[in-house]
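J.: Can you read through this structure? Questions will come right after.
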Amino acid sequence: MKRIYMDNNATTAVRPEVLEAMLPFFCEQFGNPSSVHWAGRAVAGAVEKAREQVARLINCSPAEIVFVSCGSKGDDFAIKGTADALRDKGNHIITTAVEHPAVLNTCKFLEKQGFEVTYLAVDCDGMLDLAALEAAIRPQTILISAMWANNETGTLFPIEEVGAIARKHRVRFHTDAVQALGKVPVDVQKANVDLLVVSGHKLGAPKGVGALFIRKGTKLTPLIHGGHQERNRRAGTHNVPAIVGLGLACELAGQELALKMEKVRRLRDRLEQGIFARIPEVKLNGHPTVRLPNTLNVSFAWIEGESLLLNLDLKGIAASSGSACTSGSLEPSHVMGAMCVEITLAHSSTRFSLGPDNTEEEVDYVLEILPPIVQRLRDMSPLYQRHLTCEECSIVKRI
Amino acid sequence: MYTDKVMDHFSNPRNVGEIENADGVGEVGNASCGDIMKIFLKVDDGVITDIKFKTFGCGAAIATSSMVTEMALGKTVDEALQLTNAAVAEALDGLPAQKMHCSNLAADALHEAIKNYREKQK
């Protein structure tokens, strides 16, 4: 059976050249970079090289990069570290309703600690209202946290404008750029970002490594109280092989971004246009144009997302869904809810996130497989019949 | 995450469809939790002689709907009322824990259909 992977926003395979660069750091160059002897010195240089590679991708100084163990750790550090460091300045945080749980749940935790959090609404395309952002700023506001690109829909926030507003009001600005890195240009200077989170496994590095950009002069309370690693900002022995992998993956992402993403965009557009041409009653979730080049999130009316995913999986196609069944709760995706997607459509939301390894043949295979699956599930759905005589649709509540 | 039996009933669901002029129709679930099941019955002399379902929902919702129709067909309505959601899950060799409370409603839909049949009889 064919195996087609279209879930690159969930994770990516480690690139072969990245793996090859990592391998010497397991057995041969195994030293602790904090050690002064030969074994430590040999790997300290490799860690610093990786720091430079990450810094170059986002246009910052290597000293502003701290390695962490994943994207969630980076968000946690940025938000809680700010909350603690700026506690005397204020207790108000602004974020958005569509952030990754790594940000949302950290903010919810801080609310229990006495912080006030404003969750900015988004419009039906998942776009942020800059006027609402500016209006939400108070004298007590210590942090604005807004993601660069949404993981479910790919919608790109106007990050440079957010950064300008943050700077104008002298409020610290954190962005989770996990989905943006390697897919769109990311420049912390242009965007006036103070804290930015990178995750390795979304761009061809292994799982279990990430980085946090901390702009020089940004006071952040360390959350791990241990050794002196990372200039006392993040204790714990470096995960050297993974850090080396992250460095190379960032370098390659920077070199290949324009070329690879143009290819990915063409494939994504082919899939999107093909779906809309072949299947009626489909809704695009997310912004139609201001969107990551690899992401397509669509809802197929009258059917539920998990059953669609299982059917695709039976045909070897890996995608993901915002249905309750795949969100691990009884509620469908909070991102769909924030965009006011009608609730059965939210349960149906299906994300295809492509990568440079996908091909036209794979896209065409999905376009061949998908319409009969959707039709079969619709024929099985009591809602599909009902919509033909749709007076009694009151059961279909809105979020 | 699903057993072979669940995947069998999900991939090849039995008794999908509607019955025109059904003797009983039952519906459970709601859109907000993502599962809606509807069951149609034909009853002759107190015996379920035909049964069909329509379901909007996940793999477990579709598989339990299919299984309950298979279990109820040929039973008397009194026997069918004894069928429980737990028995349906068991017949499928079990469901993932998180599905037991949300998508395991097929016996409830069957009971609603029988209730509807009995009301029509009055």
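Letters A, B, ... go to the chains of the structure tokens in the order shown; residues in each chain start at 1; ligands are counted from 1 in the same order.
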What are the residues of chain B that have an atom within 6 Å of an atom of chain A, counting only C-alpha atoms, as a PyMOL selection string?
T.: chain B and resi 31+33+54-59
J.: For C-alpha atoms, I'd like the residues from the last selection saved as a PDB file, in the first residue's frame.
T.:
```pdb
ATOM      1  CA  ALA B  31     -23.694  17.882  17.388  1.00  0.00           C
ATOM      2  CA  CYS B  33     -19.939  16.252  21.108  1.00  0.00           C
ATOM      3  CA  LYS B  54     -27.441   6.466  10.070  1.00  0.00           C
ATOM      4  CA  THR B  55     -24.583   7.914  12.068  1.00  0.00           C
ATOM      5  CA  PHE B  56     -22.576  11.107  12.108  1.00  0.00           C
ATOM      6  CA  GLY B  57     -19.516  10.407  14.190  1.00  0.00           C
ATOM      7  CA  CYS B  58     -16.138   8.854  14.718  1.00  0.00           C
ATOM      8  CA  GLY B  59     -14.955   5.303  14.072  1.00  0.00           C
TER       9      GLY B  59
END
```
J.: Find the residues around segment 75-87 of chain B up to 9 Å (only C-alpha atoms counted), leave out those fewer than 5 positions away in its own chain, and share them as a list in words.
T.: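 Once the nearby chain positions are removed, what remains is Val43, Asp45, Gly46, Val47, Ile48, Thr49, Thr64, Val68, Leu92, Gly94, Met100, Asn104, Leu105, Ala106, Ala107, Asp108, Leu110, His111 and Ile114 of chain B.
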J.: Could you take the residues named above and write them with N, CA and C atoms, as a PDB file, in the first residue's frame?
T.:
```pdb
ATOM      1  N   VAL B  43     -40.908  -3.754  12.900  1.00  0.00           N
ATOM      2  CA  VAL B  43     -41.255  -4.759  13.913  1.00  0.00           C
ATOM      3  C   VAL B  43     -42.490  -5.532  13.460  1.00  0.00           C
ATOM      4  N   ASP B  45     -44.961  -8.652  14.847  1.00  0.00           N
ATOM      5  CA  ASP B  45     -45.296  -9.518  15.992  1.00  0.00           C
ATOM      6  C   ASP B  45     -44.288  -9.375  17.123  1.00  0.00           C
ATOM      7  N   GLY B  46     -43.834  -8.164  17.384  1.00  0.00           N
ATOM      8  CA  GLY B  46     -42.906  -7.936  18.492  1.00  0.00           C
ATOM      9  C   GLY B  46     -41.480  -8.336  18.195  1.00  0.00           C
ATOM     10  N   VAL B  47     -41.215  -8.746  16.937  1.00  0.00           N
ATOM     11  CA  VAL B  47     -39.839  -9.139  16.575  1.00  0.00           C
ATOM     12  C   VAL B  47     -39.253  -8.105  15.602  1.00  0.00           C
ATOM     13  N   ILE B  48     -37.999  -7.744  15.839  1.00  0.00           N
ATOM     14  CA  ILE B  48     -37.332  -6.779  14.952  1.00  0.00           C
ATOM     15  C   ILE B  48     -36.946  -7.509  13.664  1.00  0.00           C
ATOM     16  N   THR B  49     -37.646  -7.195  12.583  1.00  0.00           N
ATOM     17  CA  THR B  49     -37.406  -7.915  11.327  1.00  0.00           C
ATOM     18  C   THR B  49     -36.512  -7.117  10.382  1.00  0.00           C
ATOM     19  N   THR B  64     -20.135   0.946  16.578  1.00  0.00           N
ATOM     20  CA  THR B  64     -21.136   0.523  17.571  1.00  0.00           C
ATOM     21  C   THR B  64     -22.536   0.539  16.955  1.00  0.00           C
ATOM     22  N   VAL B  68     -24.772  -2.803  16.878  1.00  0.00           N
ATOM     23  CA  VAL B  68     -26.061  -2.911  17.585  1.00  0.00           C
ATOM     24  C   VAL B  68     -27.169  -3.361  16.630  1.00  0.00           C
ATOM     25  N   LEU B  92     -17.555  -5.832  20.334  1.00  0.00           N
ATOM     26  CA  LEU B  92     -16.533  -5.304  19.424  1.00  0.00           C
ATOM     27  C   LEU B  92     -15.122  -5.536  19.980  1.00  0.00           C
ATOM     28  N   GLY B  94     -14.121  -4.525  22.753  1.00  0.00           N
ATOM     29  CA  GLY B  94     -13.719  -3.353  23.534  1.00  0.00           C
ATOM     30  C   GLY B  94     -13.509  -2.102  22.703  1.00  0.00           C
ATOM     31  N   MET B 100     -15.569   5.263  25.514  1.00  0.00           N
ATOM     32  CA  MET B 100     -16.639   4.556  26.216  1.00  0.00           C
ATOM     33  C   MET B 100     -17.763   5.513  26.626  1.00  0.00           C
ATOM     34  N   ASN B 104     -20.212   5.672  22.614  1.00  0.00           N
ATOM     35  CA  ASN B 104     -20.802   4.364  22.837  1.00  0.00           C
ATOM     36  C   ASN B 104     -22.278   4.526  23.200  1.00  0.00           C
ATOM     37  N   LEU B 105     -23.082   4.948  22.221  1.00  0.00           N
ATOM     38  CA  LEU B 105     -24.475   5.314  22.478  1.00  0.00           C
ATOM     39  C   LEU B 105     -25.453   4.488  21.671  1.00  0.00           C
ATOM     40  N   ALA B 106     -24.933   3.494  20.953  1.00  0.00           N
ATOM     41  CA  ALA B 106     -25.779   2.816  19.961  1.00  0.00           C
ATOM     42  C   ALA B 106     -26.956   2.099  20.611  1.00  0.00           C
ATOM     43  N   ALA B 107     -26.732   1.462  21.784  1.00  0.00           N
ATOM     44  CA  ALA B 107     -27.846   0.780  22.451  1.00  0.00           C
ATOM     45  C   ALA B 107     -28.900   1.798  22.894  1.00  0.00           C
ATOM     46  N   ASP B 108     -28.436   2.991  23.298  1.00  0.00           N
ATOM     47  CA  ASP B 108     -29.390   4.045  23.661  1.00  0.00           C
ATOM     48  C   ASP B 108     -30.273   4.412  22.461  1.00  0.00           C
ATOM     49  N   LEU B 110     -31.035   2.485  19.981  1.00  0.00           N
ATOM     50  CA  LEU B 110     -31.945   1.352  19.785  1.00  0.00           C
ATOM     51  C   LEU B 110     -33.132   1.450  20.764  1.00  0.00           C
ATOM     52  N   HIS B 111     -32.812   1.739  22.021  1.00  0.00           N
ATOM     53  CA  HIS B 111     -33.880   1.842  23.031  1.00  0.00           C
ATOM     54  C   HIS B 111     -34.841   2.979  22.705  1.00  0.00           C
ATOM     55  N   ILE B 114     -37.149   1.787  20.077  1.00  0.00           N
ATOM     56  CA  ILE B 114     -38.169   0.874  20.618  1.00  0.00           C
ATOM     57  C   ILE B 114     -39.236   1.681  21.384  1.00  0.00           C
TER      58      ILE B 114
END
```
J.: Please provide as a list in words all residues within 12 Å of Asp84 of chain A, with the sequence filter that same-chain residues fewer than 2 positions apart are discarded (counting only C-alpha atoms).
T.: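 The contact residues come out as Asp76, Phe77, Ala78, Ile79, Lys80, Gly81, Thr82, Leu86, Arg87, Asp88, Lys89, Gly90, Asn91, His92, Leu110, Gln113, Gly114, Phe115, Ile142, Leu143, Lys219, Leu220, Thr221, Pro222 and Leu223 of chain A.
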J.: DSSP on the backbone: which residues in segment 19-122 of chain B end up as strand (DSSP E)? Give the answer as an NGL selection string.
T.: :B and (24-30 or 35-44 or 47-56)
J.: Okay, now the selection with N, CA and C atoms, as an mmCIF file, in the first residue's frame?
T.:
```
data_model
loop_
_atom_site.group_PDB
_atom_site.id
_atom_site.type_symbol
_atom_site.label_atom_id
_atom_site.label_comp_id
_atom_site.auth_asym_id
_atom_site.auth_seq_id
_atom_site.Cartn_x
_atom_site.Cartn_y
_atom_site.Cartn_z
ATOM 1 N N GLY B 24 -40.487 2.288 14.202
ATOM 2 C CA GLY B 24 -39.898 3.054 15.300
ATOM 3 C C GLY B 24 -38.623 3.726 14.837
ATOM 4 N N VAL B 25 -38.412 4.964 15.286
ATOM 5 C CA VAL B 25 -37.193 5.700 14.948
ATOM 6 C C VAL B 25 -36.635 6.300 16.234
ATOM 7 N N GLY B 26 -35.351 6.133 16.461
ATOM 8 C CA GLY B 26 -34.725 6.708 17.661
ATOM 9 C C GLY B 26 -33.461 7.453 17.304
ATOM 10 N N GLU B 27 -33.244 8.560 17.989
ATOM 11 C CA GLU B 27 -32.027 9.336 17.730
ATOM 12 C C GLU B 27 -31.407 9.762 19.048
ATOM 13 N N VAL B 28 -30.109 9.623 19.166
ATOM 14 C CA VAL B 28 -29.394 10.091 20.364
ATOM 15 C C VAL B 28 -28.138 10.852 19.939
ATOM 16 N N GLY B 29 -27.533 11.498 20.924
ATOM 17 C CA GLY B 29 -26.303 12.246 20.676
ATOM 18 C C GLY B 29 -26.604 13.687 20.334
ATOM 19 N N ASN B 30 -25.577 14.453 20.178
ATOM 20 C CA ASN B 30 -25.772 15.835 19.743
ATOM 21 C C ASN B 30 -24.550 16.317 19.001
ATOM 22 N N ASP B 35 -21.263 13.258 17.876
ATOM 23 C CA ASP B 35 -21.857 11.962 17.549
ATOM 24 C C ASP B 35 -23.379 12.077 17.505
ATOM 25 N N ILE B 36 -23.964 11.696 16.388
ATOM 26 C CA ILE B 36 -25.428 11.622 16.286
ATOM 27 C C ILE B 36 -25.760 10.274 15.647
ATOM 28 N N MET B 37 -26.599 9.495 16.354
ATOM 29 C CA MET B 37 -26.971 8.176 15.827
ATOM 30 C C MET B 37 -28.481 8.102 15.684
ATOM 31 N N LYS B 38 -28.893 7.534 14.567
ATOM 32 C CA LYS B 38 -30.323 7.401 14.309
ATOM 33 C C LYS B 38 -30.592 5.958 13.904
ATOM 34 N N ILE B 39 -31.572 5.339 14.544
ATOM 35 C CA ILE B 39 -31.891 3.936 14.250
ATOM 36 C C ILE B 39 -33.350 3.806 13.811
ATOM 37 N N PHE B 40 -33.572 3.008 12.779
ATOM 38 C CA PHE B 40 -34.904 2.781 12.204
ATOM 39 C C PHE B 40 -35.266 1.303 12.393
ATOM 40 N N LEU B 41 -36.495 1.030 12.828
ATOM 41 C CA LEU B 41 -36.914 -0.353 13.088
ATOM 42 C C LEU B 41 -38.147 -0.739 12.279
ATOM 43 N N LYS B 42 -38.172 -2.014 11.894
ATOM 44 C CA LYS B 42 -39.391 -2.634 11.364
ATOM 45 C C LYS B 42 -39.716 -3.762 12.349
ATOM 46 N N VAL B 43 -40.908 -3.754 12.900
ATOM 47 C CA VAL B 43 -41.255 -4.759 13.913
ATOM 48 C C VAL B 43 -42.490 -5.532 13.460
ATOM 49 N N ASP B 44 -42.355 -6.877 13.462
ATOM 50 C CA ASP B 44 -43.508 -7.733 13.145
ATOM 51 C C ASP B 44 -43.750 -8.673 14.308
ATOM 52 N N VAL B 47 -41.215 -8.746 16.937
ATOM 53 C CA VAL B 47 -39.839 -9.139 16.575
ATOM 54 C C VAL B 47 -39.253 -8.105 15.602
ATOM 55 N N ILE B 48 -37.999 -7.744 15.839
ATOM 56 C CA ILE B 48 -37.332 -6.779 14.952
ATOM 57 C C ILE B 48 -36.946 -7.509 13.664
ATOM 58 N N THR B 49 -37.646 -7.195 12.583
ATOM 59 C CA THR B 49 -37.406 -7.915 11.327
ATOM 60 C C THR B 49 -36.512 -7.117 10.382
ATOM 61 N N ASP B 50 -36.395 -5.833 10.622
ATOM 62 C CA ASP B 50 -35.449 -5.046 9.834
ATOM 63 C C ASP B 50 -34.968 -3.903 10.711
ATOM 64 N N ILE B 51 -33.715 -3.538 10.524
ATOM 65 C CA ILE B 51 -33.135 -2.450 11.316
ATOM 66 C C ILE B 51 -32.063 -1.763 10.476
ATOM 67 N N LYS B 52 -32.067 -0.435 10.491
ATOM 68 C CA LYS B 52 -31.059 0.327 9.730
ATOM 69 C C LYS B 52 -30.573 1.471 10.607
ATOM 70 N N PHE B 53 -29.389 1.964 10.263
ATOM 71 C CA PHE B 53 -28.879 3.112 11.025
ATOM 72 C C PHE B 53 -28.260 4.159 10.122
ATOM 73 N N LYS B 54 -28.221 5.376 10.670
ATOM 74 C CA LYS B 54 -27.441 6.466 10.070
ATOM 75 C C LYS B 54 -26.681 7.125 11.202
ATOM 76 N N THR B 55 -25.404 7.345 11.000
ATOM 77 C CA THR B 55 -24.583 7.914 12.068
ATOM 78 C C THR B 55 -23.644 8.984 11.541
ATOM 79 N N PHE B 56 -23.606 10.086 12.283
ATOM 80 C CA PHE B 56 -22.576 11.107 12.108
ATOM 81 C C PHE B 56 -21.643 10.937 13.293
#
```
J.: Between atom CA of Val47 of chain A and atom CA of Asp194 of chain A, measure the distance and give it in Å to one decimal.
T.: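 It comes out at 22.6 Å.
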J.: Residues within 7 Å of segment 350-362 of chain A, please, as an MDAnalysis selection string. Count only C-alpha atoms; anything in the same chain fewer than 3 positions from it doesn't count.
T.: chainID A and resid 4 6:9 152 260 263:264 267:268 294:299 305 319:322 365:366
J.: For the selection just defined, write its residues with N, CA and C atoms to a file, as a PDB file, in the first residue's frame.
T.:
```pdb
ATOM      1  N   ILE A   4       1.395   7.842   2.218  1.00  0.00           N
ATOM      2  CA  ILE A   4       1.517   9.265   1.880  1.00  0.00           C
ATOM      3  C   ILE A   4       1.413  10.076   3.151  1.00  0.00           C
ATOM      4  N   MET A   6       1.009  13.493   4.881  1.00  0.00           N
ATOM      5  CA  MET A   6       0.610  14.900   4.743  1.00  0.00           C
ATOM      6  C   MET A   6       0.247  15.456   6.105  1.00  0.00           C
ATOM      7  N   ASP A   7       1.143  15.220   7.067  1.00  0.00           N
ATOM      8  CA  ASP A   7       0.921  15.708   8.432  1.00  0.00           C
ATOM      9  C   ASP A   7       2.202  16.357   8.972  1.00  0.00           C
ATOM     10  N   ASN A   8       2.807  17.167   8.108  1.00  0.00           N
ATOM     11  CA  ASN A   8       4.103  17.767   8.460  1.00  0.00           C
ATOM     12  C   ASN A   8       3.999  18.842   9.543  1.00  0.00           C
ATOM     13  N   ASN A   9       2.774  19.343   9.815  1.00  0.00           N
ATOM     14  CA  ASN A   9       2.646  20.287  10.939  1.00  0.00           C
ATOM     15  C   ASN A   9       2.661  19.536  12.272  1.00  0.00           C
ATOM     16  N   GLU A 152      -3.049  24.753  13.102  1.00  0.00           N
ATOM     17  CA  GLU A 152      -4.169  24.025  12.491  1.00  0.00           C
ATOM     18  C   GLU A 152      -4.537  24.563  11.112  1.00  0.00           C
ATOM     19  N   LYS A 260      12.025  25.293  -1.895  1.00  0.00           N
ATOM     20  CA  LYS A 260      11.182  24.182  -1.450  1.00  0.00           C
ATOM     21  C   LYS A 260       9.761  24.627  -1.185  1.00  0.00           C
ATOM     22  N   LYS A 263       7.652  24.919  -4.247  1.00  0.00           N
ATOM     23  CA  LYS A 263       7.184  23.599  -4.687  1.00  0.00           C
ATOM     24  C   LYS A 263       6.005  23.143  -3.811  1.00  0.00           C
ATOM     25  N   VAL A 264       6.170  23.307  -2.500  1.00  0.00           N
ATOM     26  CA  VAL A 264       5.127  22.860  -1.578  1.00  0.00           C
ATOM     27  C   VAL A 264       3.838  23.647  -1.819  1.00  0.00           C
ATOM     28  N   LEU A 267       1.979  22.271  -4.754  1.00  0.00           N
ATOM     29  CA  LEU A 267       1.312  21.009  -4.426  1.00  0.00           C
ATOM     30  C   LEU A 267       0.067  21.269  -3.570  1.00  0.00           C
ATOM     31  N   ARG A 268       0.222  22.123  -2.585  1.00  0.00           N
ATOM     32  CA  ARG A 268      -0.908  22.447  -1.695  1.00  0.00           C
ATOM     33  C   ARG A 268      -2.062  23.052  -2.513  1.00  0.00           C
ATOM     34  N   ASN A 294       2.189  25.424   3.088  1.00  0.00           N
ATOM     35  CA  ASN A 294       2.035  23.957   3.097  1.00  0.00           C
ATOM     36  C   ASN A 294       0.716  23.481   3.683  1.00  0.00           C
ATOM     37  N   THR A 295      -0.081  24.399   4.248  1.00  0.00           N
ATOM     38  CA  THR A 295      -1.207  23.959   5.069  1.00  0.00           C
ATOM     39  C   THR A 295      -2.542  24.150   4.364  1.00  0.00           C
ATOM     40  N   LEU A 296      -3.366  23.108   4.439  1.00  0.00           N
ATOM     41  CA  LEU A 296      -4.736  23.175   3.928  1.00  0.00           C
ATOM     42  C   LEU A 296      -5.644  22.565   4.988  1.00  0.00           C
ATOM     43  N   ASN A 297      -6.573  23.391   5.500  1.00  0.00           N
ATOM     44  CA  ASN A 297      -7.528  22.877   6.483  1.00  0.00           C
ATOM     45  C   ASN A 297      -8.926  23.065   5.919  1.00  0.00           C
ATOM     46  N   VAL A 298      -9.629  21.946   5.744  1.00  0.00           N
ATOM     47  CA  VAL A 298     -10.961  21.998   5.138  1.00  0.00           C
ATOM     48  C   VAL A 298     -11.946  21.182   5.963  1.00  0.00           C
ATOM     49  N   SER A 299     -13.205  21.600   5.921  1.00  0.00           N
ATOM     50  CA  SER A 299     -14.273  20.810   6.541  1.00  0.00           C
ATOM     51  C   SER A 299     -15.196  20.303   5.444  1.00  0.00           C
ATOM     52  N   GLY A 305     -14.640  14.228  11.433  1.00  0.00           N
ATOM     53  CA  GLY A 305     -13.238  14.180  11.013  1.00  0.00           C
ATOM     54  C   GLY A 305     -12.516  12.873  11.275  1.00  0.00           C
ATOM     55  N   ALA A 319      -3.177  12.290   7.624  1.00  0.00           N
ATOM     56  CA  ALA A 319      -3.546  13.693   7.774  1.00  0.00           C
ATOM     57  C   ALA A 319      -3.996  13.861   9.221  1.00  0.00           C
ATOM     58  N   SER A 320      -4.585  14.994   9.585  1.00  0.00           N
ATOM     59  CA  SER A 320      -5.056  15.133  10.967  1.00  0.00           C
ATOM     60  C   SER A 320      -6.367  15.905  11.002  1.00  0.00           C
ATOM     61  N   SER A 321      -6.991  15.929  12.182  1.00  0.00           N
ATOM     62  CA  SER A 321      -8.327  16.505  12.284  1.00  0.00           C
ATOM     63  C   SER A 321      -8.487  17.307  13.558  1.00  0.00           C
ATOM     64  N   GLY A 322      -9.404  18.262  13.523  1.00  0.00           N
ATOM     65  CA  GLY A 322      -9.721  19.054  14.714  1.00  0.00           C
ATOM     66  C   GLY A 322     -10.970  18.558  15.415  1.00  0.00           C
ATOM     67  N   TYR A 365      -3.288  11.126  -6.054  1.00  0.00           N
ATOM     68  CA  TYR A 365      -3.822   9.927  -5.399  1.00  0.00           C
ATOM     69  C   TYR A 365      -4.836  10.321  -4.319  1.00  0.00           C
ATOM     70  N   VAL A 366      -4.489  11.329  -3.527  1.00  0.00           N
ATOM     71  CA  VAL A 366      -5.421  11.798  -2.490  1.00  0.00           C
ATOM     72  C   VAL A 366      -6.707  12.298  -3.144  1.00  0.00           C
TER      73      VAL A 366
END
```
J.: So that I can see what lies close to segment 235-241 of chain A, please list as a ChimeraX atom specification the residues with an atom at most 6 Å from it, counting only C-alpha atoms and leaving out residues fewer than 6 positions away in the same chain.
T.: /A:22,25,224,226-229
J.: Could you dump the residues just selected with N, CA and C atoms as a PDB file, in the first residue's frame?
T.:
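Writing done, so here's part_35.pdb:
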```
ATOM      1  N   MET A  22      24.498  14.202  13.200  1.00  0.00           N
ATOM      2  CA  MET A  22      24.295  13.941  14.629  1.00  0.00           C
ATOM      3  C   MET A  22      25.086  12.726  15.127  1.00  0.00           C
ATOM      4  N   PHE A  25      28.123  12.324  17.504  1.00  0.00           N
ATOM      5  CA  PHE A  25      28.012  12.894  18.852  1.00  0.00           C
ATOM      6  C   PHE A  25      27.356  11.942  19.855  1.00  0.00           C
ATOM      7  N   ILE A 224      14.449  26.313  35.340  1.00  0.00           N
ATOM      8  CA  ILE A 224      15.143  25.120  35.822  1.00  0.00           C
ATOM      9  C   ILE A 224      16.320  25.610  36.660  1.00  0.00           C
ATOM     10  N   GLY A 226      19.429  24.824  38.331  1.00  0.00           N
ATOM     11  CA  GLY A 226      20.459  23.795  38.365  1.00  0.00           C
ATOM     12  C   GLY A 226      21.791  24.423  38.034  1.00  0.00           C
ATOM     13  N   GLY A 227      22.474  23.783  37.095  1.00  0.00           N
ATOM     14  CA  GLY A 227      23.822  24.227  36.741  1.00  0.00           C
ATOM     15  C   GLY A 227      23.821  25.544  35.966  1.00  0.00           C
ATOM     16  N   HIS A 228      24.995  25.881  35.484  1.00  0.00           N
ATOM     17  CA  HIS A 228      25.220  27.205  34.891  1.00  0.00           C
ATOM     18  C   HIS A 228      25.096  27.194  33.375  1.00  0.00           C
ATOM     19  N   GLN A 229      24.587  26.109  32.805  1.00  0.00           N
ATOM     20  CA  GLN A 229      24.552  25.999  31.342  1.00  0.00           C
ATOM     21  C   GLN A 229      23.749  27.159  30.719  1.00  0.00           C
TER      22      GLN A 229
END
```
J.: As a list of chain:residue names, please: the residues near Arg3 of chain A (cut-off 10 Å, only C-alpha atoms, same-chain neighbours under 6 positions excluded).
T.: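 Near neighbours after the sequence-gap exclusion: A:Asp313, A:Leu314, A:Lys315, A:Gly316, A:Ile317, A:Ala318, A:Glu362.
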J.: In chain B, what's alpha helix (DSSP H) per DSSP? Answer as an NGL selection string?
T.: :B and (4-11 or 59-72 or 77-81 or 85-91 or 97-100 or 106-121)
J.: Near Thr95 of chain A, within 7 Å and counting only C-alpha atoms, which residues show up once chain neighbours fewer than 5 positions away are dropped, as a list in words?
T.: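 With the cut-off at 7 Å, the set is Thr118, Tyr119, Leu120, Ile144, Ser145 and Ala146 of chain A.
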J.: Go through B:Gly74, B:Cys102, B:Asp23, B:Val88 one by one, measure the shortest atom-to-atom distance of each to Lys115 of chain B using only C-alpha atoms, and give the residue with the smallest value.
T.: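 The closest residue to Lys115 of chain B is B:Asp23.
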J.: Do you have the atom CA of Ser11 of chain B-atom CA of Leu73 of chain B distance handy?
T.: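 Atom CA of Leu73 of chain B lies 20.0 Å from atom CA of Ser11 of chain B.
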